[in-house]
Structure formats: structure tokens, C-alpha cells
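Note: the block below is start.tsv and it holds TSV, C-alpha atoms.
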```tsv
chain	number	residue	atom	x	y	z
A	234	MET	CA	-12.25	-8.36	13.99
A	235	ASP	CA	-10.16	-5.76	15.80
A	236	ALA	CA	-12.59	-5.69	18.73
A	237	ILE	CA	-11.68	-9.31	19.47
A	238	LEU	CA	-7.95	-8.65	19.08
A	239	ARG	CA	-8.16	-5.56	21.28
A	240	GLY	CA	-10.02	-7.45	23.99
A	241	ALA	CA	-7.56	-10.34	23.90
A	242	ALA	CA	-4.52	-8.06	23.92
A	243	VAL	CA	-5.79	-6.07	26.89
A	244	TYR	CA	-6.75	-9.22	28.84
A	245	ILE	CA	-3.35	-10.83	28.34
A	246	PHE	CA	-1.44	-7.62	29.03
A	247	LEU	CA	-3.32	-6.92	32.26
A	248	LEU	CA	-2.95	-10.51	33.44
A	249	LEU	CA	0.79	-10.37	32.77
A	250	ILE	CA	1.39	-6.98	34.38
A	251	LEU	CA	-0.67	-7.75	37.49
A	252	ARG	CA	1.06	-11.09	37.95
A	253	LEU	CA	4.42	-9.34	37.71
A	254	GLY	CA	3.27	-6.94	40.38
A	255	GLY	CA	2.85	-9.81	42.81
A	256	LYS	CA	0.03	-10.86	45.10
A	257	ARG	CA	0.02	-7.64	47.05
A	258	SER	CA	-0.08	-5.15	44.19
A	259	LEU	CA	-3.85	-4.72	44.01
A	260	ALA	CA	-4.94	-6.33	47.26
A	261	GLN	CA	-6.61	-3.09	48.36
A	262	ILE	CA	-4.51	-2.72	51.45
A	263	THR	CA	-4.40	1.03	51.36
A	264	ALA	CA	-6.88	3.57	50.06
A	265	PHE	CA	-4.57	4.30	47.17
A	266	ASP	CA	-4.82	0.72	45.85
A	267	LEU	CA	-8.47	1.39	45.06
A	268	VAL	CA	-7.55	4.63	43.30
A	269	LEU	CA	-4.89	2.78	41.31
A	270	LEU	CA	-7.46	0.21	40.25
A	271	LEU	CA	-9.76	2.99	39.05
A	272	ILE	CA	-7.00	4.73	37.08
A	273	ILE	CA	-5.98	1.47	35.43
A	274	SER	CA	-9.55	0.76	34.36
A	275	GLU	CA	-9.83	4.28	32.99
A	276	ALA	CA	-6.65	3.86	30.92
A	277	THR	CA	-7.80	0.44	29.73
A	278	GLN	CA	-11.17	1.62	28.55
A	279	GLN	CA	-9.76	3.61	25.63
A	280	ALA	CA	-7.65	0.73	24.39
A	281	LEU	CA	-10.61	-1.63	24.65
A	282	LEU	CA	-13.20	0.41	22.82
A	283	ALA	CA	-11.01	2.67	20.64
A	284	ASP	CA	-13.22	5.23	18.92
A	285	ASP	CA	-16.01	2.80	18.14
A	286	TYR	CA	-18.93	3.61	20.43
A	287	SER	CA	-21.34	1.09	18.93
A	288	VAL	CA	-23.17	-1.37	21.12
A	289	THR	CA	-21.89	-4.18	18.89
A	290	ASN	CA	-18.29	-3.24	19.64
A	291	GLY	CA	-19.01	-3.18	23.37
A	292	PHE	CA	-20.66	-6.60	23.18
A	293	LEU	CA	-17.81	-8.07	21.15
A	294	VAL	CA	-15.23	-6.86	23.66
A	295	ILE	CA	-17.23	-8.25	26.60
A	296	VAL	CA	-17.74	-11.59	24.83
A	297	THR	CA	-14.00	-11.76	24.17
A	298	LEU	CA	-13.05	-10.99	27.76
A	299	VAL	CA	-15.52	-13.45	29.28
A	300	GLY	CA	-14.66	-16.02	26.61
A	301	ILE	CA	-10.95	-15.90	27.42
A	302	ASP	CA	-11.83	-16.12	31.09
A	303	ILE	CA	-13.92	-19.25	30.55
A	304	GLY	CA	-11.24	-20.77	28.32
A	305	LEU	CA	-8.53	-20.13	30.89
A	306	SER	CA	-10.65	-21.53	33.71
A	307	ILE	CA	-11.16	-24.78	31.74
A	308	TRP	CA	-7.43	-24.99	31.09
A	309	LYS	CA	-6.65	-24.29	34.75
A	310	GLN	CA	-9.08	-27.04	35.80
A	311	SER	CA	-7.13	-29.63	33.86
A	312	SER	CA	-3.65	-28.34	34.60
A	313	PRO	CA	-2.70	-27.40	38.19
A	314	ARG	CA	0.57	-26.05	36.86
A	315	THR	CA	-1.22	-23.54	34.65
A	316	GLU	CA	-3.46	-22.63	37.54
A	317	LYS	CA	-0.46	-21.75	39.68
A	318	TRP	CA	1.11	-19.56	37.00
A	319	ILE	CA	-2.12	-17.70	36.35
A	320	ASP	CA	-3.70	-17.58	39.80
A	321	ASP	CA	-0.60	-17.94	41.99
A	322	ALA	CA	-0.35	-20.18	45.07
A	323	PRO	CA	-0.58	-19.35	48.78
A	324	VAL	CA	2.60	-18.86	50.80
A	325	VAL	CA	2.93	-19.67	54.50
A	326	LEU	CA	4.52	-16.73	56.31
A	327	ILE	CA	4.29	-17.90	59.91
A	328	GLU	CA	4.62	-21.62	60.53
A	329	ASN	CA	3.82	-22.79	64.06
A	330	GLY	CA	4.68	-19.40	65.47
A	331	ARG	CA	7.96	-19.21	63.56
A	332	LEU	CA	8.41	-16.22	61.24
A	333	LEU	CA	9.67	-17.08	57.75
A	334	TRP	CA	11.55	-13.89	56.98
A	335	GLU	CA	12.85	-14.76	53.53
A	336	ARG	CA	9.37	-15.35	52.14
A	337	MET	CA	8.02	-12.20	53.77
A	338	GLU	CA	10.80	-10.23	52.17
A	339	ARG	CA	10.20	-11.77	48.73
A	340	GLU	CA	6.47	-11.10	48.92
A	341	ARG	CA	7.06	-7.65	50.38
A	342	VAL	CA	4.96	-8.32	53.48
A	343	ASP	CA	5.87	-6.60	56.77
A	344	LEU	CA	5.29	-7.81	60.28
A	345	ASP	CA	2.89	-4.87	60.55
A	346	ASP	CA	0.75	-6.31	57.76
A	347	ILE	CA	0.51	-9.66	59.53
A	348	LEU	CA	-0.33	-8.04	62.86
A	349	ALA	CA	-2.98	-5.87	61.18
A	350	ALA	CA	-4.59	-8.97	59.69
A	351	ALA	CA	-4.43	-10.70	63.08
A	352	ARG	CA	-6.18	-7.77	64.74
A	353	GLU	CA	-8.83	-7.45	62.06
A	354	LEU	CA	-9.66	-11.13	61.72
A	355	HIS	CA	-9.26	-12.47	65.25
A	356	GLY	CA	-8.70	-9.52	67.55
A	357	LEU	CA	-5.25	-10.85	68.41
A	358	GLU	CA	-2.94	-8.56	70.36
A	359	ARG	CA	0.52	-10.06	70.04
A	360	LEU	CA	2.64	-11.93	67.55
A	361	GLU	CA	3.00	-14.91	69.89
A	362	GLN	CA	-0.74	-15.58	69.63
A	363	ILE	CA	-0.42	-16.39	65.90
A	364	LYS	CA	0.06	-20.01	64.94
A	365	TYR	CA	-0.12	-19.68	61.17
A	366	ALA	CA	-0.17	-16.72	58.83
A	367	VAL	CA	-0.72	-17.37	55.14
A	368	LEU	CA	-0.46	-14.95	52.24
A	369	GLU	CA	-3.36	-16.07	50.09
A	370	ARG	CA	-3.60	-15.92	46.32
A	371	SER	CA	-5.87	-12.89	46.58
A	372	GLY	CA	-3.12	-10.94	48.32
A	373	GLY	CA	-4.92	-11.01	51.67
A	374	ILE	CA	-3.34	-12.48	54.80
A	375	SER	CA	-5.21	-15.19	56.70
A	376	ILE	CA	-4.41	-15.98	60.31
A	377	VAL	CA	-4.79	-19.13	62.40
A	378	PRO	CA	-4.52	-18.24	66.09
A	379	LYS	CA	-2.96	-20.47	68.72
A	380	GLN	CA	-5.53	-22.28	70.85
B	2	MET	CA	-7.18	-34.40	41.84
B	3	GLU	CA	-3.76	-34.49	43.40
B	4	PRO	CA	-3.55	-35.20	47.13
B	5	LEU	CA	-3.61	-32.17	49.37
B	6	ARG	CA	-0.26	-31.03	50.62
B	7	ARG	CA	0.35	-30.37	54.26
B	8	VAL	CA	2.44	-27.72	55.92
B	9	GLY	CA	2.44	-28.45	59.64
B	10	ASP	CA	-1.24	-28.72	60.51
B	11	LEU	CA	-2.39	-26.77	57.45
B	12	GLU	CA	-3.78	-28.45	54.38
B	13	ILE	CA	-2.55	-25.98	51.80
B	14	GLU	CA	-1.51	-25.92	48.17
B	15	GLU	CA	1.78	-24.26	48.91
B	16	ASP	CA	4.45	-24.90	46.28
B	17	LEU	CA	7.79	-23.38	47.14
B	18	GLU	CA	9.45	-24.58	43.98
B	19	PHE	CA	6.86	-22.78	41.88
B	20	GLN	CA	7.04	-19.76	44.17
B	21	ARG	CA	10.80	-19.41	43.70
B	22	ALA	CA	10.37	-19.60	39.93
B	23	MET	CA	7.59	-17.01	40.13
B	24	TRP	CA	9.74	-14.66	42.24
B	25	ARG	CA	12.51	-14.98	39.66
B	26	VAL	CA	10.10	-14.25	36.79
B	27	GLN	CA	8.79	-11.25	38.74
B	28	LYS	CA	12.30	-9.84	39.20
B	29	ILE	CA	12.94	-10.16	35.46
B	30	GLY	CA	9.56	-8.58	34.79
B	31	TRP	CA	10.41	-5.57	36.94
B	32	VAL	CA	13.58	-5.02	34.93
B	33	VAL	CA	11.55	-5.27	31.71
B	34	ILE	CA	9.03	-2.73	33.06
B	35	GLY	CA	11.90	-0.40	33.93
B	36	ILE	CA	13.39	-0.75	30.46
B	37	ILE	CA	10.01	-0.04	28.85
B	38	VAL	CA	9.54	3.12	30.94
B	39	VAL	CA	13.02	4.42	30.08
B	40	ALA	CA	12.58	3.56	26.39
B	41	ALA	CA	9.22	5.34	26.37
B	42	LEU	CA	10.79	8.41	27.99
B	43	LEU	CA	13.43	8.40	25.28
B	44	GLY	CA	10.72	8.19	22.65
B	45	LEU	CA	10.90	4.60	21.40
B	46	PHE	CA	7.10	4.57	21.38
B	47	GLY	CA	6.76	8.00	19.82
B	48	ASN	CA	7.07	11.61	21.06
B	49	GLY	CA	10.65	11.81	22.20
B	50	PRO	CA	14.24	12.34	21.12
B	51	LEU	CA	14.52	8.84	19.62
B	52	SER	CA	11.39	9.42	17.60
B	53	ARG	CA	12.22	12.81	16.10
B	54	ALA	CA	13.83	12.37	12.73
B	55	VAL	CA	14.82	14.35	9.70
B	56	ALA	CA	14.90	12.79	6.27
B	57	GLY	CA	16.88	14.41	3.52
B	58	GLN	CA	19.23	13.60	0.72
B	59	THR	CA	22.08	15.57	-0.79
B	60	GLY	CA	20.91	17.16	-4.00
B	61	LEU	CA	17.30	17.40	-2.93
B	62	PRO	CA	16.05	20.92	-2.22
B	63	PHE	CA	14.01	19.89	0.81
B	64	ARG	CA	14.02	17.84	3.99
B	65	VAL	CA	11.25	16.29	6.02
B	66	GLU	CA	10.92	16.41	9.79
B	67	TYR	CA	8.81	13.51	10.96
B	68	GLU	CA	8.12	11.06	13.78
B	69	ARG	CA	10.08	7.84	13.33
B	70	PHE	CA	7.62	6.10	15.66
B	71	ALA	CA	3.96	6.97	15.46
B	72	ARG	CA	0.94	5.38	17.09
B	73	TYR	CA	-2.33	4.20	15.66
B	74	LYS	CA	-4.95	6.99	15.79
B	75	ALA	CA	-2.62	9.32	17.68
B	76	PRO	CA	-2.00	12.78	16.20
B	77	MET	CA	1.38	13.20	14.53
B	78	ARG	CA	3.05	15.92	12.55
B	79	MET	CA	5.27	15.99	9.50
B	80	THR	CA	6.93	19.17	8.30
B	81	ILE	CA	8.47	19.61	4.86
B	82	ARG	CA	11.15	22.31	4.80
B	83	ILE	CA	11.75	23.67	1.35
B	84	GLU	CA	14.90	25.55	0.44
B	85	PRO	CA	14.81	28.94	-1.23
B	86	GLY	CA	14.63	29.14	-4.99
B	87	VAL	CA	12.49	26.08	-5.49
B	88	ALA	CA	9.15	27.75	-6.08
B	89	GLN	CA	8.13	28.56	-9.61
B	90	GLN	CA	5.69	31.42	-10.16
B	91	GLY	CA	5.25	31.54	-6.39
B	92	ARG	CA	4.12	27.92	-6.18
B	93	VAL	CA	5.60	24.65	-4.93
B	94	ARG	CA	4.22	21.23	-5.84
B	95	VAL	CA	4.52	18.61	-3.10
B	96	TRP	CA	3.71	15.06	-4.10
B	97	VAL	CA	2.96	12.33	-1.55
B	98	ALA	CA	2.79	8.66	-2.58
B	99	ARG	CA	-0.54	6.88	-2.44
B	100	GLU	CA	0.51	4.04	-0.07
B	101	TYR	CA	1.16	6.52	2.71
B	102	LEU	CA	-1.96	8.56	2.10
B	103	GLU	CA	-3.98	5.37	2.40
B	104	ALA	CA	-2.35	4.59	5.75
B	105	ILE	CA	-3.10	7.94	7.38
B	106	ALA	CA	-5.97	10.37	7.69
B	107	ILE	CA	-4.78	13.92	7.06
B	108	GLN	CA	-6.43	16.34	9.46
B	109	GLN	CA	-4.91	19.55	8.29
B	110	ILE	CA	-2.29	20.96	5.95
B	111	VAL	CA	-0.73	24.32	6.79
B	112	PRO	CA	-0.59	26.42	4.68
B	113	GLU	CA	-3.69	25.18	2.95
B	114	PRO	CA	-2.88	24.06	-0.59
B	115	VAL	CA	-4.29	26.24	-3.35
B	116	ASP	CA	-4.81	23.13	-5.43
B	117	VAL	CA	-4.92	19.39	-4.80
B	118	LEU	CA	-4.35	17.10	-7.75
B	119	SER	CA	-5.15	13.41	-7.60
B	120	GLN	CA	-2.87	11.13	-9.53
B	121	GLU	CA	-2.63	7.41	-10.09
B	122	ASP	CA	0.30	6.95	-7.72
B	123	GLY	CA	-0.31	9.73	-5.24
B	124	THR	CA	-1.56	13.24	-4.65
B	125	THR	CA	0.08	16.55	-5.46
B	126	TYR	CA	-0.51	19.50	-3.19
B	127	VAL	CA	0.16	22.90	-4.70
B	128	ILE	CA	1.35	25.39	-2.11
B	129	GLN	CA	1.56	29.12	-2.53
B	130	VAL	CA	4.83	30.67	-1.36
B	131	ALA	CA	5.08	34.33	-0.36
B	132	ASP	CA	8.72	34.90	-1.26
B	133	PRO	CA	10.43	32.24	-3.43
B	134	ALA	CA	13.83	33.57	-2.38
B	135	LYS	CA	13.22	32.51	1.21
B	136	PRO	CA	12.77	29.06	2.72
B	137	ALA	CA	9.22	27.75	3.06
B	138	SER	CA	7.59	24.95	4.98
B	139	VAL	CA	4.46	22.83	4.80
B	140	THR	CA	3.03	21.03	7.83
B	141	PHE	CA	0.87	17.92	7.65
B	142	ASP	CA	-1.14	17.00	10.74
B	143	ALA	CA	-2.41	13.46	10.45
B	144	GLN	CA	-3.60	10.37	12.30
B	145	PRO	CA	-2.45	6.91	11.25
B	146	ASP	CA	-5.27	4.59	10.23
B	147	HIS	CA	-3.11	1.52	9.73
B	148	PHE	CA	-0.29	0.15	11.80
B	149	GLY	CA	2.97	-1.44	10.77
B	150	LEU	CA	6.02	-0.25	8.89
B	151	GLN	CA	5.20	2.42	6.34
B	152	THR	CA	7.34	3.59	3.48
B	153	ILE	CA	6.84	7.25	2.72
B	154	ARG	CA	7.75	8.82	-0.61
B	155	ILE	CA	7.66	12.56	-1.06
B	156	GLN	CA	8.67	14.60	-4.06
B	157	VAL	CA	8.97	18.37	-4.43
B	158	GLN	CA	8.51	19.91	-7.88
B	159	ASP	CA	9.93	17.49	-10.47
B	160	GLY	CA	12.95	16.33	-8.49
B	161	GLN	CA	13.71	12.87	-7.26
B	162	PRO	CA	11.38	11.40	-4.63
B	163	LEU	CA	12.68	11.12	-1.08
B	164	ARG	CA	12.07	7.76	0.61
B	165	PHE	CA	11.94	7.13	4.32
B	166	ARG	CA	10.21	4.83	6.76
B	167	GLN	CA	7.94	5.19	9.74
B	168	LEU	CA	6.86	2.57	12.24
B	169	ILE	CA	3.28	2.88	13.42
B	170	TYR	CA	2.47	1.07	16.65
B	171	PRO	CA	-1.00	-0.47	17.07
```
Kindly return the structure encoded in the file as C-alpha cells.
Amino acid sequence: MDAILRGAAVYIFLLLILRLGGKRSLAQITAFDLVLLLIISEATQQALLADDYSVTNGFLVIVTLVGIDIGLSIWKQSSPRTEKWIDDAPVVLIENGRLLWERMERERVDLDDILAAARELHGLERLEQIKYAVLERSGGISIVPKQ
Amino acid sequence: MEPLRRVGDLEIEEDLEFQRAMWRVQKIGWVVIGIIVVAALLGLFGNGPLSRAVAGQTGLPFRVEYERFARYKAPMRMTIRIEPGVAQQGRVRVWVAREYLEAIAIQQIVPEPVDVLSQEDGTTYVIQVADPAKPASVTFDAQPDHFGLQTIRIQVQDGQPLRFRQLIYP
């Protein structure tokens, strides 16, 4: 019984805390984001498995995690509102070449981040070459260059 | 499926109303995270000044130092400080109520009791004291096996039992 409760508690807690962190918190922008991800998984492991090293316990925890994931995905399919709260929604940061500063500030995205994405994705050199920049749900920035 | 929204030339599911609500929730969440960190530093979740407690009662010849907040399966310590003159024939009997003993797993008792007596409502540990005219102490190292609010009852010799509570986090 407690394997299921542990799995559910950890799933919900991680979902909540990562959503509070915002889109960019674990988007693997810097090398440290990967390290952070590893440390979090290390800390989670103990809470998930406790001191029960049986295969059964491991299976039960996995079944719980995947089960909640399936359940949530079904719920999200039927309710776009739920989907937004759980998975977030994209935000346009540059609209037709115009920088939307307020949104960038709220999402903690710098001009540098947008220019880095523009270089990586399209080899763009200057800000004026960007038509649209969108902060996607994954935390990555996608760029549409001007023709 | 709802029709796709458009922002300029982009077909995108942007929802600024939702986004503003989300940003607000995030701000509140950051404050909550800050409060949790400060509370944890102060010991609200165990191991800190808020958690350290001493239980005692006027007229009782002992007091108990314990953790007000303990955590499931995490080591914790409880020390019983016994005043001088309590021991009889060099021995002190410490009784702990059954409910609490069922909620924790005792790892070690220092000094080791010379005798352990099982009773219907608890267990009595008989401790040898070197000098009855001086204060003595007994330390219990234990790990909680159950979580929730626990009521602890401890009695020394034939006096009145001392009652206090401990919250064990899951």
C-alpha cells in the first residue's frame, strides 16, 4: 500500500515544484541544469523506494508513476484547461520583430537567451533578423526568422 | 478541438490570461518555498531549535529531552535526566508506555539496562546507577516506524507518569 502512496506523493510533489519553478527551471540551458536534475533524482530515489529493496516494491512504484501519467494524459486530452495548468502554454516573446519585455521579464528570459537560440537554430546574427521568438512549453526558445 | 488561435502569422496556443494566472501562482509558490526553507532551518521538520523540547512536571524527579518533530525512519534521540536521590539500591526503573514502543524501533539504550521487564501496558527498563546521590541520565536512540501524532508516557520508579506529545512526519 505505501509503495503506491509514496509514488503518488512524489509524482505530485515533483510536478508541483517544477511547475512553480517555471518553464526555464530544468530546460537544460546550462551544464548545471543537468547536474541539478541528477541531484533531484538522487534525492527522490530514497523517498520512492524507502528501505524496501524488493523487486515488487520497485514494480509497484513504477506502475504508480506510469499510471498517474496515463491518467493525467487522459484528463488533459479532455480538458484543455487542465492541460495548460499541468503542461503550461507557449509564450510569444518577439512578435513581428517587436520585443515583448514584460513577458520576457516574467519568464526570466534575457535577450541573450533569444539570440543564442537564434544562432543555434538558424545561424542568425542580429536581433533584427528575428520575426518571432516563442518560449515553448519545454522551456526551449523557438525562432522564426524574417524572410 | 477548439479552433487554433493566431498571434500575428503564428498559429499558437498562447493564452495570456492563463499565463498571468500562472505567473501569480508561481510568485505565491516562491514565497511558500521560502517559508518552508526558513521553517526547516528553524526545525519545524525536525532537528532544530523549534524541535528541541524538554518535558517535565513539578514534583517529578526527572525530565525528558526529546524531539518535538521527528521523521519516519529517521534516527532520533530521547534523553531522560534523573535527579539525584531517586535510585534505590543503585537502580532506577524507567517505564515507557506500550503505544509509543509500538510506534518506534529502539536501536540502542545507553546505559544498557540490566533488566528489561515486559508488562501489559508497557516496558520497564532497569538501569544501574553508579552514585545515587548524583544525577543520572538514560538515552534512547530510536527510529519511528509509524507516523502521526504520538503520545508518550514515561514513568520513573513509582511516581506519576509524565505525558508529552511528538509529531512524526511521514
Selection as a count of residues only: residues within 7 Å of (9.9, -16.4, 46.1), counting only C-alpha atoms: 8
Quick one: which residues from chain A are at most 8 Å off chain B, using only C-alpha atoms, as a PyMOL selection string? chain A and resi 252-255+317-318+322-325+328-329+339
Output the selection as a PDB file, in the frame of the given file - C-alpha atoms for each residue.
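Output (result.pdb):
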```pdb
ATOM      1  CA  ARG A 252       1.060 -11.090  37.950  1.00  0.00           C
ATOM      2  CA  LEU A 253       4.420  -9.340  37.710  1.00  0.00           C
ATOM      3  CA  GLY A 254       3.270  -6.940  40.380  1.00  0.00           C
ATOM      4  CA  GLY A 255       2.850  -9.810  42.810  1.00  0.00           C
ATOM      5  CA  LYS A 317      -0.460 -21.750  39.680  1.00  0.00           C
ATOM      6  CA  TRP A 318       1.110 -19.560  37.000  1.00  0.00           C
ATOM      7  CA  ALA A 322      -0.350 -20.180  45.070  1.00  0.00           C
ATOM      8  CA  PRO A 323      -0.580 -19.350  48.780  1.00  0.00           C
ATOM      9  CA  VAL A 324       2.600 -18.860  50.800  1.00  0.00           C
ATOM     10  CA  VAL A 325       2.930 -19.670  54.500  1.00  0.00           C
ATOM     11  CA  GLU A 328       4.620 -21.620  60.530  1.00  0.00           C
ATOM     12  CA  ASN A 329       3.820 -22.790  64.060  1.00  0.00           C
ATOM     13  CA  ARG A 339      10.200 -11.770  48.730  1.00  0.00           C
TER      14      ARG A 339
END
```
Just to confirm, what's the straight-line distance from atom CA of Leu43 of chain B to atom CA of Gln109 of chain B in Å (one decimal)?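 Answer for the atom CA of Leu43 of chain B to atom CA of Gln109 of chain B separation: 27.4 Å.
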One residue among A:Val367, A:Val342, A:Leu333, A:Ile319 is nearest to Leu249 of chain A when using all atoms listed in the file, and that residue is A:Ile319
Determine, counting only C-alpha atoms, which protein, DNA and RNA residues have an atom within 10 Å of an atom of Glu113 of chain B; residues of the same chain fewer than 4 positions away are not included. Present the result as a list of chain:residue names.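 Neighbouring residues, sequence-local ones excluded: B:Gln109, B:Val117, B:Tyr126, B:Val127, B:Ile128, B:Gln129, B:Val139, B:Thr140, B:Phe141.
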List the spatial neighbours of Leu270 of chain A as a VMD selection string - criterion: any atom at most 10 Å away, all atoms listed in the file, same-chain residues fewer than 2 positions off excluded. chain A and resid 258 to 261 265 to 268 272 to 275
Could you tell me how far atom CA of Asp346 of chain A lies from atom CA of Leu248 of chain A, in Å and to one decimal? 25.0 Å
Axis-aligned box over every listed atom of segment 267-278 of chain A, padded by 3 Å per side: centre and edges in Å to one decimal, as JSON?
```
{"center_x": -8.0, "center_y": 2.5, "center_z": 36.8, "size_x": 12.3, "size_y": 10.5, "size_z": 22.5}
```
